[in-house]
$ cat coords-v7.cif   # mmCIF, C-alpha atoms; chains and numbers go by the auth columns
data_run
#
loop_
_atom_site.group_PDB
_atom_site.id
_atom_site.type_symbol
_atom_site.label_atom_id
_atom_site.label_comp_id
_atom_site.label_asym_id
_atom_site.label_seq_id
_atom_site.Cartn_x
_atom_site.Cartn_y
_atom_site.Cartn_z
_atom_site.B_iso_or_equiv
_atom_site.auth_seq_id
_atom_site.auth_asym_id
ATOM 1 C CA MET A 1 68.496 -57.331 21.583 0.00 1 A
ATOM 2 C CA GLN A 2 64.735 -57.077 21.531 0.00 2 A
ATOM 3 C CA PRO A 3 62.941 -58.065 18.323 0.00 3 A
ATOM 4 C CA LEU A 4 61.141 -55.687 16.011 0.00 4 A
ATOM 5 C CA ARG A 5 57.851 -57.242 14.868 0.00 5 A
ATOM 6 C CA TYR A 6 55.737 -55.986 11.976 0.00 6 A
ATOM 7 C CA SER A 7 52.067 -56.835 11.542 0.00 7 A
ATOM 8 C CA ILE A 8 49.673 -55.783 8.807 0.00 8 A
ATOM 9 C CA ASN A 9 46.281 -56.786 7.447 0.00 9 A
ATOM 10 C CA VAL A 10 46.199 -57.412 3.719 0.00 10 A
ATOM 11 C CA THR A 11 43.650 -58.669 1.197 0.00 11 A
ATOM 12 C CA LEU A 12 44.361 -61.591 -1.138 0.00 12 A
ATOM 13 C CA ASP A 13 45.167 -59.153 -3.927 0.00 13 A
ATOM 14 C CA GLY A 14 47.679 -57.285 -1.758 0.00 14 A
ATOM 15 C CA CYS A 15 45.668 -54.242 -0.645 0.00 15 A
ATOM 16 C CA CYS A 16 46.625 -52.963 2.792 0.00 16 A
ATOM 17 C CA ASP A 17 44.123 -50.114 3.057 0.00 17 A
ATOM 18 C CA HIS A 18 42.471 -50.539 6.471 0.00 18 A
ATOM 19 C CA ARG A 19 39.123 -49.506 4.964 0.00 19 A
ATOM 20 C CA ALA A 20 39.219 -52.572 2.684 0.00 20 A
ATOM 21 C CA ILE A 21 39.720 -55.040 5.550 0.00 21 A
ATOM 22 C CA PRO A 22 36.686 -56.445 7.366 0.00 22 A
ATOM 23 C CA ALA A 23 37.165 -56.092 11.124 0.00 23 A
ATOM 24 C CA ASP A 24 35.714 -58.490 13.648 0.00 24 A
ATOM 25 C CA GLU A 25 36.095 -59.276 17.327 0.00 25 A
ATOM 26 C CA GLU A 26 38.626 -62.080 16.834 0.00 26 A
ATOM 27 C CA LEU A 27 40.854 -59.881 14.645 0.00 27 A
ATOM 28 C CA HIS A 28 40.779 -57.067 17.214 0.00 28 A
ATOM 29 C CA ARG A 29 41.557 -59.499 20.035 0.00 29 A
ATOM 30 C CA HIS A 30 44.523 -60.857 18.056 0.00 30 A
ATOM 31 C CA ALA A 31 45.810 -57.320 17.412 0.00 31 A
ATOM 32 C CA ALA A 32 45.452 -56.325 21.070 0.00 32 A
ATOM 33 C CA GLU A 33 47.356 -59.459 22.155 0.00 33 A
ATOM 34 C CA SER A 34 50.142 -58.682 19.663 0.00 34 A
ATOM 35 C CA ILE A 35 50.460 -55.097 20.885 0.00 35 A
ATOM 36 C CA ALA A 36 50.430 -56.236 24.519 0.00 36 A
ATOM 37 C CA ARG A 37 53.449 -58.502 23.793 0.00 37 A
ATOM 38 C CA ALA A 38 55.548 -55.446 22.905 0.00 38 A
ATOM 39 C CA ASP A 39 57.183 -52.882 25.147 0.00 39 A
ATOM 40 C CA ALA A 40 56.513 -50.111 22.632 0.00 40 A
ATOM 41 C CA LEU A 41 54.956 -49.320 19.266 0.00 41 A
ATOM 42 C CA LEU A 42 56.886 -47.728 16.416 0.00 42 A
ATOM 43 C CA PHE A 43 54.820 -45.675 13.987 0.00 43 A
ATOM 44 C CA GLY A 44 55.380 -43.242 11.169 0.00 44 A
ATOM 45 C CA ARG A 45 53.475 -39.983 11.238 0.00 45 A
ATOM 46 C CA VAL A 46 50.524 -41.152 9.123 0.00 46 A
ATOM 47 C CA THR A 47 49.885 -44.334 11.141 0.00 47 A
ATOM 48 C CA TYR A 48 50.353 -42.508 14.454 0.00 48 A
ATOM 49 C CA GLU A 49 47.854 -39.796 13.507 0.00 49 A
ATOM 50 C CA MET A 50 45.361 -42.345 12.153 0.00 50 A
ATOM 51 C CA MET A 51 45.567 -44.523 15.293 0.00 51 A
ATOM 52 C CA GLU A 52 45.395 -41.552 17.644 0.00 52 A
ATOM 53 C CA SER A 53 42.334 -40.076 15.943 0.00 53 A
ATOM 54 C CA ALA A 54 40.519 -43.431 16.081 0.00 54 A
ATOM 55 C CA TRP A 55 41.449 -44.883 19.466 0.00 55 A
ATOM 56 C CA ARG A 56 42.640 -42.229 21.911 0.00 56 A
ATOM 57 C CA GLU A 57 39.356 -40.590 22.841 0.00 57 A
ATOM 58 C CA PRO A 58 37.247 -43.780 23.110 0.00 58 A
ATOM 59 C CA ALA A 59 39.861 -45.364 25.380 0.00 59 A
ATOM 60 C CA ARG A 60 40.025 -42.329 27.647 0.00 60 A
ATOM 61 C CA THR A 61 36.336 -41.405 27.862 0.00 61 A
ATOM 62 C CA GLY A 62 34.563 -44.674 27.144 0.00 62 A
ATOM 63 C CA ALA A 63 32.393 -42.789 24.647 0.00 63 A
ATOM 64 C CA ARG A 64 32.273 -44.826 21.458 0.00 64 A
ATOM 65 C CA PRO A 65 32.056 -43.132 18.072 0.00 65 A
ATOM 66 C CA GLU A 66 29.245 -44.332 15.810 0.00 66 A
ATOM 67 C CA TRP A 67 31.549 -46.735 13.910 0.00 67 A
ATOM 68 C CA MET A 68 33.003 -48.393 17.032 0.00 68 A
ATOM 69 C CA GLU A 69 31.585 -51.685 18.291 0.00 69 A
ATOM 70 C CA PRO A 70 31.709 -52.612 22.013 0.00 70 A
ATOM 71 C CA TRP A 71 34.157 -55.464 21.272 0.00 71 A
ATOM 72 C CA MET A 72 36.683 -52.880 19.987 0.00 72 A
ATOM 73 C CA GLU A 73 37.092 -51.355 23.454 0.00 73 A
ATOM 74 C CA PRO A 74 39.855 -53.738 24.675 0.00 74 A
ATOM 75 C CA PHE A 75 41.920 -52.901 21.576 0.00 75 A
ATOM 76 C CA ALA A 76 41.359 -49.184 22.180 0.00 76 A
ATOM 77 C CA ARG A 77 42.530 -49.493 25.796 0.00 77 A
ATOM 78 C CA THR A 78 45.578 -51.584 24.807 0.00 78 A
ATOM 79 C CA ILE A 79 46.805 -49.218 22.097 0.00 79 A
ATOM 80 C CA ASP A 80 46.048 -46.177 24.254 0.00 80 A
ATOM 81 C CA ALA A 81 48.205 -47.499 27.115 0.00 81 A
ATOM 82 C CA ALA A 82 51.130 -48.562 24.921 0.00 82 A
ATOM 83 C CA LYS A 83 54.378 -46.602 24.796 0.00 83 A
ATOM 84 C CA LYS A 84 54.808 -45.151 21.293 0.00 84 A
ATOM 85 C CA TYR A 85 57.738 -43.922 19.233 0.00 85 A
ATOM 86 C CA VAL A 86 56.875 -41.779 16.223 0.00 86 A
ATOM 87 C CA VAL A 87 59.262 -41.413 13.295 0.00 87 A
ATOM 88 C CA SER A 88 58.637 -38.009 11.760 0.00 88 A
ATOM 89 C CA SER A 89 60.591 -35.073 10.453 0.00 89 A
ATOM 90 C CA THR A 90 57.465 -32.919 10.154 0.00 90 A
ATOM 91 C CA LEU A 91 55.711 -33.224 13.512 0.00 91 A
ATOM 92 C CA GLU A 92 56.777 -30.614 16.054 0.00 92 A
ATOM 93 C CA ARG A 93 55.654 -32.678 19.040 0.00 93 A
ATOM 94 C CA VAL A 94 53.641 -35.736 20.007 0.00 94 A
ATOM 95 C CA ASP A 95 51.809 -36.834 23.094 0.00 95 A
ATOM 96 C CA TRP A 96 49.559 -39.884 23.649 0.00 96 A
ATOM 97 C CA ASN A 97 52.359 -41.606 25.565 0.00 97 A
ATOM 98 C CA ALA A 98 54.698 -40.990 22.613 0.00 98 A
ATOM 99 C CA GLU A 99 58.178 -39.708 21.804 0.00 99 A
ATOM 100 C CA LEU A 100 59.475 -38.405 18.504 0.00 100 A
ATOM 101 C CA VAL A 101 62.261 -40.316 16.771 0.00 101 A
ATOM 102 C CA ARG A 102 64.556 -38.051 14.778 0.00 102 A
ATOM 103 C CA GLY A 103 67.816 -38.380 12.928 0.00 103 A
ATOM 104 C CA ASP A 104 69.183 -41.468 11.219 0.00 104 A
ATOM 105 C CA LEU A 105 66.410 -44.094 11.157 0.00 105 A
ATOM 106 C CA GLY A 106 68.746 -47.091 11.280 0.00 106 A
ATOM 107 C CA GLU A 107 70.719 -45.774 14.237 0.00 107 A
ATOM 108 C CA ALA A 108 67.582 -44.721 16.119 0.00 108 A
ATOM 109 C CA VAL A 109 65.878 -48.105 15.694 0.00 109 A
ATOM 110 C CA GLN A 110 69.062 -50.025 16.547 0.00 110 A
ATOM 111 C CA ARG A 111 69.253 -47.982 19.762 0.00 111 A
ATOM 112 C CA LEU A 112 65.628 -48.865 20.613 0.00 112 A
ATOM 113 C CA LYS A 113 66.251 -52.550 19.859 0.00 113 A
ATOM 114 C CA ARG A 114 69.273 -52.582 22.212 0.00 114 A
ATOM 115 C CA GLU A 115 67.123 -51.529 25.163 0.00 115 A
ATOM 116 C CA PRO A 116 66.042 -54.466 27.317 0.00 116 A
ATOM 117 C CA GLY A 117 62.535 -55.703 26.697 0.00 117 A
ATOM 118 C CA ARG A 118 60.134 -58.119 25.046 0.00 118 A
ATOM 119 C CA GLY A 119 60.097 -56.389 21.698 0.00 119 A
ATOM 120 C CA LEU A 120 58.912 -53.503 19.584 0.00 120 A
ATOM 121 C CA PHE A 121 55.871 -53.566 17.315 0.00 121 A
ATOM 122 C CA VAL A 122 55.683 -51.620 14.047 0.00 122 A
ATOM 123 C CA GLY A 123 52.672 -50.969 11.878 0.00 123 A
ATOM 124 C CA GLY A 124 51.905 -49.043 8.736 0.00 124 A
ATOM 125 C CA VAL A 125 53.212 -49.214 5.187 0.00 125 A
ATOM 126 C CA THR A 126 55.930 -46.629 4.509 0.00 126 A
ATOM 127 C CA LEU A 127 57.997 -47.003 7.696 0.00 127 A
ATOM 128 C CA PRO A 128 58.097 -50.835 7.478 0.00 128 A
ATOM 129 C CA LEU A 129 59.378 -50.546 3.901 0.00 129 A
ATOM 130 C CA ALA A 130 62.263 -48.362 5.104 0.00 130 A
ATOM 131 C CA LEU A 131 62.945 -50.727 8.029 0.00 131 A
ATOM 132 C CA THR A 132 62.930 -53.733 5.678 0.00 132 A
ATOM 133 C CA GLU A 133 65.441 -51.976 3.410 0.00 133 A
ATOM 134 C CA LEU A 134 67.660 -51.515 6.480 0.00 134 A
ATOM 135 C CA GLY A 135 67.259 -55.172 7.518 0.00 135 A
ATOM 136 C CA LEU A 136 65.815 -54.228 10.904 0.00 136 A
ATOM 137 C CA ILE A 137 62.563 -56.227 11.038 0.00 137 A
ATOM 138 C CA ASP A 138 62.883 -59.535 12.887 0.00 138 A
ATOM 139 C CA GLU A 139 59.372 -60.858 12.300 0.00 139 A
ATOM 140 C CA TYR A 140 56.682 -60.198 9.720 0.00 140 A
ATOM 141 C CA GLU A 141 53.048 -61.069 10.397 0.00 141 A
ATOM 142 C CA LEU A 142 50.751 -60.874 7.400 0.00 142 A
ATOM 143 C CA ILE A 143 47.097 -61.338 8.211 0.00 143 A
ATOM 144 C CA VAL A 144 45.667 -62.285 4.831 0.00 144 A
ATOM 145 C CA HIS A 145 41.933 -61.741 4.458 0.00 145 A
ATOM 146 C CA PRO A 146 39.737 -63.660 1.997 0.00 146 A
ATOM 147 C CA ARG A 147 38.809 -60.566 0.046 0.00 147 A
ATOM 148 C CA LEU A 148 39.767 -59.009 -3.286 0.00 148 A
ATOM 149 C CA ALA A 149 39.809 -55.222 -2.959 0.00 149 A
ATOM 150 C CA GLY A 150 40.872 -54.302 -6.483 0.00 150 A
ATOM 151 C CA HIS A 151 42.517 -51.088 -5.298 0.00 151 A
ATOM 152 C CA GLY A 152 44.648 -49.482 -2.663 0.00 152 A
ATOM 153 C CA PRO A 153 48.218 -49.366 -1.472 0.00 153 A
ATOM 154 C CA THR A 154 50.219 -52.572 -1.553 0.00 154 A
ATOM 155 C CA LEU A 155 52.990 -53.774 0.703 0.00 155 A
ATOM 156 C CA PHE A 156 56.660 -53.191 0.009 0.00 156 A
ATOM 157 C CA ALA A 157 56.133 -51.379 -3.307 0.00 157 A
ATOM 158 C CA GLY A 158 59.583 -50.264 -4.436 0.00 158 A
ATOM 159 C CA LEU A 159 61.586 -52.696 -2.301 0.00 159 A
ATOM 160 C CA SER A 160 65.104 -52.639 -3.780 0.00 160 A
ATOM 161 C CA LYS A 161 65.807 -56.364 -3.414 0.00 161 A
ATOM 162 C CA PRO A 162 63.926 -59.518 -2.442 0.00 162 A
ATOM 163 C CA VAL A 163 63.814 -60.579 1.208 0.00 163 A
ATOM 164 C CA ASP A 164 63.517 -64.329 1.719 0.00 164 A
ATOM 165 C CA LEU A 165 61.361 -65.364 4.650 0.00 165 A
ATOM 166 C CA LYS A 166 60.596 -68.609 6.453 0.00 166 A
ATOM 167 C CA LEU A 167 57.179 -69.403 7.878 0.00 167 A
ATOM 168 C CA VAL A 168 57.332 -69.847 11.663 0.00 168 A
ATOM 169 C CA SER A 169 53.628 -70.055 12.502 0.00 169 A
ATOM 170 C CA ARG A 170 50.141 -69.649 11.139 0.00 170 A
ATOM 171 C CA LEU A 171 46.791 -69.099 12.760 0.00 171 A
ATOM 172 C CA GLU A 172 43.472 -69.478 10.980 0.00 172 A
ATOM 173 C CA LEU A 173 40.820 -67.073 12.177 0.00 173 A
ATOM 174 C CA GLY A 174 37.109 -67.799 12.102 0.00 174 A
ATOM 175 C CA SER A 175 36.587 -65.202 9.354 0.00 175 A
ATOM 176 C CA GLY A 176 38.809 -67.183 6.994 0.00 176 A
ATOM 177 C CA ALA A 177 41.722 -64.778 7.461 0.00 177 A
ATOM 178 C CA VAL A 178 45.085 -66.429 8.088 0.00 178 A
ATOM 179 C CA ALA A 179 47.737 -64.822 10.291 0.00 179 A
ATOM 180 C CA MET A 180 51.126 -65.989 9.055 0.00 180 A
ATOM 181 C CA ARG A 181 54.309 -65.143 10.923 0.00 181 A
ATOM 182 C CA TYR A 182 57.606 -65.124 9.073 0.00 182 A
ATOM 183 C CA GLU A 183 61.230 -64.479 9.999 0.00 183 A
ATOM 184 C CA PRO A 184 63.933 -63.422 7.573 0.00 184 A
ATOM 185 C CA ARG A 185 66.064 -66.375 6.420 0.00 185 A
ATOM 186 C CA THR A 186 69.073 -64.180 7.105 0.00 186 A
ATOM 187 C CA ARG A 187 68.750 -62.528 10.510 0.00 187 A
ATOM 188 C CA PRO A 188 68.568 -58.730 10.401 0.00 188 A
ATOM 189 C CA GLY A 189 71.390 -56.646 11.855 0.00 189 A
#

$ encode --input "coords-v7.cif" --output "structure tokens"
Amino acid sequence: MQPLRYSINVTLDGCCDHRAIPADEELHRHAAESIARADALLFGRVTYEMMESAWREPARTGARPEWMEPWMEPFARTIDAAKKYVVSSTLERVDWNAELVRGDLGEAVQRLKREPGRGLFVGGVTLPLALTELGLIDEYELIVHPRLAGHGPTLFAGLSKPVDLKLVSRLELGSGAVAMRYEPRTRPG
């Protein structure tokens, strides 16, 4: 069974709003390497639409929007090329190398995990909460940035019960951010 890995950037005070996280070349390289280790990405509607609006066009045309630095291009190409599954009951259709996932979330993700491969990668906030509740995430990577945001969405708000994790690796980035990888102490189903 292939693993389902979750990765998110978060500030020291728990904010996971991407606008509150300082981006740099090393962080983008790390993210591109993580995505490249997966056979497919699993997104909810909000994350899919946000990623598509930011990265699809620059990867395809090479034309960078005003906010995009040249060192972001490898990330754009990596996410553009990745196979994507989108969990949504409201979208009629998706493209950008994507398929809609409908029906029972647990069954659908278990089916994807049973396919042969190196793993699936999930991002976002709402979908990972639901997947955590179902015990389906095999690895959590929290990239903690040395910043206090004082606002924004936080991770796992409303989780029904604690999930105990064990640290399996950590990587200090030049910015002072620390990427910590955890696995559940009890393996997910």

$ closest_residue --input "coords-v7.cif" --among "A:His28, A:Leu171, A:Ala38, A:Pro146" --to "Lys113 of chain A" --atoms "all atoms listed in the file"
A:Ala38

$ closest_residue --input "coords-v7.cif" --among "A:Val10, A:Leu27, A:Ile21, A:Met1" --to "Val109 of chain A" --atoms "only C-alpha atoms"
A:Met1

$ atom_distance --input "coords-v7.cif" --atom1 "atom CA of Val168 of chain A" --atom2 "atom CA of Phe121 of chain A"
17.3 Å

$ resolve_selection --input "coords-v7.cif" --expression "the PyMOL selection byres ((chain A and resi 177) around 10)" --output "list in words"
Asn9, Val10, Thr11, Leu12, Pro22, Leu27, Leu142, Ile143, Val144, His145, Pro146, Arg147, Leu171, Glu172, Leu173, Gly174, Ser175, Gly176, Val178, Ala179 and Met180 of chain A

$ resolve_selection --input "coords-v7.cif" --expression "the PyMOL selection byres ((chain A and resi 101) around 12)" --output "PDB file with C-alpha atoms, keeping the file's coordinate frame"
ATOM      1  CA  LEU A  41      54.956 -49.320  19.266  1.00  0.00           C
ATOM      2  CA  LEU A  42      56.886 -47.728  16.416  1.00  0.00           C
ATOM      3  CA  PHE A  43      54.820 -45.675  13.987  1.00  0.00           C
ATOM      4  CA  GLY A  44      55.380 -43.242  11.169  1.00  0.00           C
ATOM      5  CA  ARG A  45      53.475 -39.983  11.238  1.00  0.00           C
ATOM      6  CA  LYS A  84      54.808 -45.151  21.293  1.00  0.00           C
ATOM      7  CA  TYR A  85      57.738 -43.922  19.233  1.00  0.00           C
ATOM      8  CA  VAL A  86      56.875 -41.779  16.223  1.00  0.00           C
ATOM      9  CA  VAL A  87      59.262 -41.413  13.295  1.00  0.00           C
ATOM     10  CA  SER A  88      58.637 -38.009  11.760  1.00  0.00           C
ATOM     11  CA  SER A  89      60.591 -35.073  10.453  1.00  0.00           C
ATOM     12  CA  THR A  90      57.465 -32.919  10.154  1.00  0.00           C
ATOM     13  CA  LEU A  91      55.711 -33.224  13.512  1.00  0.00           C
ATOM     14  CA  GLU A  92      56.777 -30.614  16.054  1.00  0.00           C
ATOM     15  CA  ARG A  93      55.654 -32.678  19.040  1.00  0.00           C
ATOM     16  CA  VAL A  94      53.641 -35.736  20.007  1.00  0.00           C
ATOM     17  CA  ALA A  98      54.698 -40.990  22.613  1.00  0.00           C
ATOM     18  CA  GLU A  99      58.178 -39.708  21.804  1.00  0.00           C
ATOM     19  CA  LEU A 100      59.475 -38.405  18.504  1.00  0.00           C
ATOM     20  CA  ARG A 102      64.556 -38.051  14.778  1.00  0.00           C
ATOM     21  CA  GLY A 103      67.816 -38.380  12.928  1.00  0.00           C
ATOM     22  CA  ASP A 104      69.183 -41.468  11.219  1.00  0.00           C
ATOM     23  CA  LEU A 105      66.410 -44.094  11.157  1.00  0.00           C
ATOM     24  CA  GLY A 106      68.746 -47.091  11.280  1.00  0.00           C
ATOM     25  CA  GLU A 107      70.719 -45.774  14.237  1.00  0.00           C
ATOM     26  CA  ALA A 108      67.582 -44.721  16.119  1.00  0.00           C
ATOM     27  CA  VAL A 109      65.878 -48.105  15.694  1.00  0.00           C
ATOM     28  CA  GLN A 110      69.062 -50.025  16.547  1.00  0.00           C
ATOM     29  CA  ARG A 111      69.253 -47.982  19.762  1.00  0.00           C
ATOM     30  CA  LEU A 112      65.628 -48.865  20.613  1.00  0.00           C
TER      31      LEU A 112
END

$ atom_distance --input "coords-v7.cif" --atom1 "atom CA of Asp39 of chain A" --atom2 "atom CA of Gly123 of chain A"
14.1 Å

$ closest_residue --input "coords-v7.cif" --among "A:Leu131, A:Ala31, A:Val163, A:Ile137" --to "Pro74 of chain A" --atoms "all atoms listed in the file"
A:Ala31

$ closest_residue --input "coords-v7.cif" --among "A:Ala32, A:Glu69, A:Asp80, A:Asp24" --to "Met51 of chain A" --atoms "only C-alpha atoms"
A:Asp80

$ closest_residue --input "coords-v7.cif" --among "A:Pro58, A:Val46, A:Ser160, A:Arg170" --to "Thr126 of chain A" --atoms "only C-alpha atoms"
A:Val46

$ residues_around --input "coords-v7.cif" --residues "Trp96 of chain A" --least-positions-apart "5" --cutoff "9 Å" --atoms "only C-alpha atoms" --output "ChimeraX atom specification"
/A:52,56,80-84

$ residues_near_point --input "coords-v7.cif" --point "(55.9, -68.7, 10.4)" --cutoff "9 Å" --atoms "only C-alpha atoms" --output "PyMOL selection string"
chain A and resi 139-141+165-170+180-183

$ residues_around --input "coords-v7.cif" --residues "Cys15 of chain A" --least-positions-apart "6" --cutoff "6 Å" --atoms "all atoms listed in the file" --output "PyMOL selection string"
chain A and resi 152-154

$ write_last_selection --input "coords-v7.cif" --atoms "C-alpha atoms" --output "PDB file, in the frame of the given file"
ATOM      1  CA  GLY A 152      44.648 -49.482  -2.663  1.00  0.00           C
ATOM      2  CA  PRO A 153      48.218 -49.366  -1.472  1.00  0.00           C
ATOM      3  CA  THR A 154      50.219 -52.572  -1.553  1.00  0.00           C
TER       4      THR A 154
END

$ closest_residue --input "coords-v7.cif" --among "A:Glu73, A:Asp95, A:His151, A:Leu159" --to "Pro128 of chain A" --atoms "all atoms listed in the file"
A:Leu159

$ atom_distance --input "coords-v7.cif" --atom1 "atom CA of Val122 of chain A" --atom2 "atom CA of Asp17 of chain A"
16.0 Å

$ residues_around --input "coords-v7.cif" --residues "Pro162 of chain A" --least-positions-apart "4" --cutoff "12 Å" --atoms "all atoms listed in the file" --output "list of chain:residue names"
A:Leu129, A:Thr132, A:Glu133, A:Gly135, A:Phe156, A:Ala157, A:Gly158, A:Pro184, A:Arg185, A:Thr186

$ axis_aligned_box --input "coords-v7.cif" --around "segment 123-128 of chain A" --padding-each-side "3 Å" --output "AutoDock Vina command-line options"
--center_x 55.0 --center_y -48.8 --center_z 8.2 --size_x 12.2 --size_y 10.3 --size_z 13.4

$ residues_around --input "coords-v7.cif" --residues "Ala54 of chain A" --least-positions-apart "3" --cutoff "12 Å" --atoms "only C-alpha atoms" --output "compact mmCIF listing (two decimals) with C-alpha atoms, in the coordinates of the input"
# COMPACT_ATOMS: atom_id res chain seq x y z
CA THR A 47 49.88 -44.33 11.14
CA TYR A 48 50.35 -42.51 14.45
CA GLU A 49 47.85 -39.80 13.51
CA MET A 50 45.36 -42.34 12.15
CA MET A 51 45.57 -44.52 15.29
CA GLU A 57 39.36 -40.59 22.84
CA PRO A 58 37.25 -43.78 23.11
CA ALA A 59 39.86 -45.36 25.38
CA ARG A 60 40.02 -42.33 27.65
CA ALA A 63 32.39 -42.79 24.65
CA ARG A 64 32.27 -44.83 21.46
CA PRO A 65 32.06 -43.13 18.07
CA GLU A 66 29.24 -44.33 15.81
CA TRP A 67 31.55 -46.74 13.91
CA MET A 68 33.00 -48.39 17.03
CA MET A 72 36.68 -52.88 19.99
CA GLU A 73 37.09 -51.36 23.45
CA PHE A 75 41.92 -52.90 21.58
CA ALA A 76 41.36 -49.18 22.18
CA ARG A 77 42.53 -49.49 25.80
CA ILE A 79 46.80 -49.22 22.10
CA ASP A 80 46.05 -46.18 24.25

$ residues_around --input "coords-v7.cif" --residues "Gln2 of chain A" --least-positions-apart "6" --cutoff "9 Å" --atoms "all atoms listed in the file" --output "list in words"
Leu112, Lys113, Arg114, Glu115, Pro116, Gly117, Arg118, Gly119 and Leu120 of chain A

$ build_atoms --input "coords-v7.cif" --residues "segment 110-128 of chain A" --atoms "N, CA and C atoms" --output "compact mmCIF listing (two decimals), in the coordinates of the input"
# COMPACT_ATOMS: atom_id res chain seq x y z
N GLN A 110 68.08 -49.13 15.90
CA GLN A 110 69.06 -50.02 16.55
C GLN A 110 69.17 -49.69 18.03
N ARG A 111 69.18 -48.41 18.36
CA ARG A 111 69.25 -47.98 19.76
C ARG A 111 68.03 -48.49 20.54
N LEU A 112 66.84 -48.36 19.94
CA LEU A 112 65.63 -48.86 20.61
C LEU A 112 65.68 -50.38 20.79
N LYS A 113 66.18 -51.09 19.79
CA LYS A 113 66.25 -52.55 19.86
C LYS A 113 67.25 -53.02 20.92
N ARG A 114 68.27 -52.21 21.21
CA ARG A 114 69.27 -52.58 22.21
C ARG A 114 68.76 -52.43 23.64
N GLU A 115 67.69 -51.67 23.82
CA GLU A 115 67.12 -51.53 25.16
C GLU A 115 66.54 -52.87 25.59
N PRO A 116 66.62 -53.19 26.87
CA PRO A 116 66.04 -54.47 27.32
C PRO A 116 64.53 -54.45 27.14
N GLY A 117 63.98 -55.62 26.83
CA GLY A 117 62.54 -55.70 26.70
C GLY A 117 62.09 -56.89 25.89
N ARG A 118 60.76 -56.99 25.74
CA ARG A 118 60.13 -58.12 25.05
C ARG A 118 60.02 -57.89 23.55
N GLY A 119 60.17 -56.66 23.12
CA GLY A 119 60.10 -56.39 21.70
C GLY A 119 59.39 -55.09 21.38
N LEU A 120 59.56 -54.68 20.14
CA LEU A 120 58.91 -53.50 19.58
C LEU A 120 57.95 -53.97 18.50
N PHE A 121 56.90 -53.21 18.28
CA PHE A 121 55.87 -53.57 17.32
C PHE A 121 55.73 -52.40 16.34
N VAL A 122 55.82 -52.67 15.05
CA VAL A 122 55.68 -51.62 14.05
C VAL A 122 54.49 -51.91 13.16
N GLY A 123 53.79 -50.85 12.79
CA GLY A 123 52.67 -50.97 11.88
C GLY A 123 52.81 -49.95 10.77
N GLY A 124 51.90 -50.00 9.82
CA GLY A 124 51.90 -49.04 8.74
C GLY A 124 52.44 -49.64 7.45
N VAL A 125 52.76 -48.78 6.51
CA VAL A 125 53.21 -49.21 5.19
C VAL A 125 54.57 -48.61 4.83
N THR A 126 54.71 -47.31 4.94
CA THR A 126 55.93 -46.63 4.51
C THR A 126 57.11 -46.92 5.44
N LEU A 127 56.91 -46.75 6.74
CA LEU A 127 58.00 -47.00 7.70
C LEU A 127 58.49 -48.45 7.63
N PRO A 128 57.61 -49.46 7.59
CA PRO A 128 58.10 -50.84 7.48
C PRO A 128 58.91 -51.09 6.20
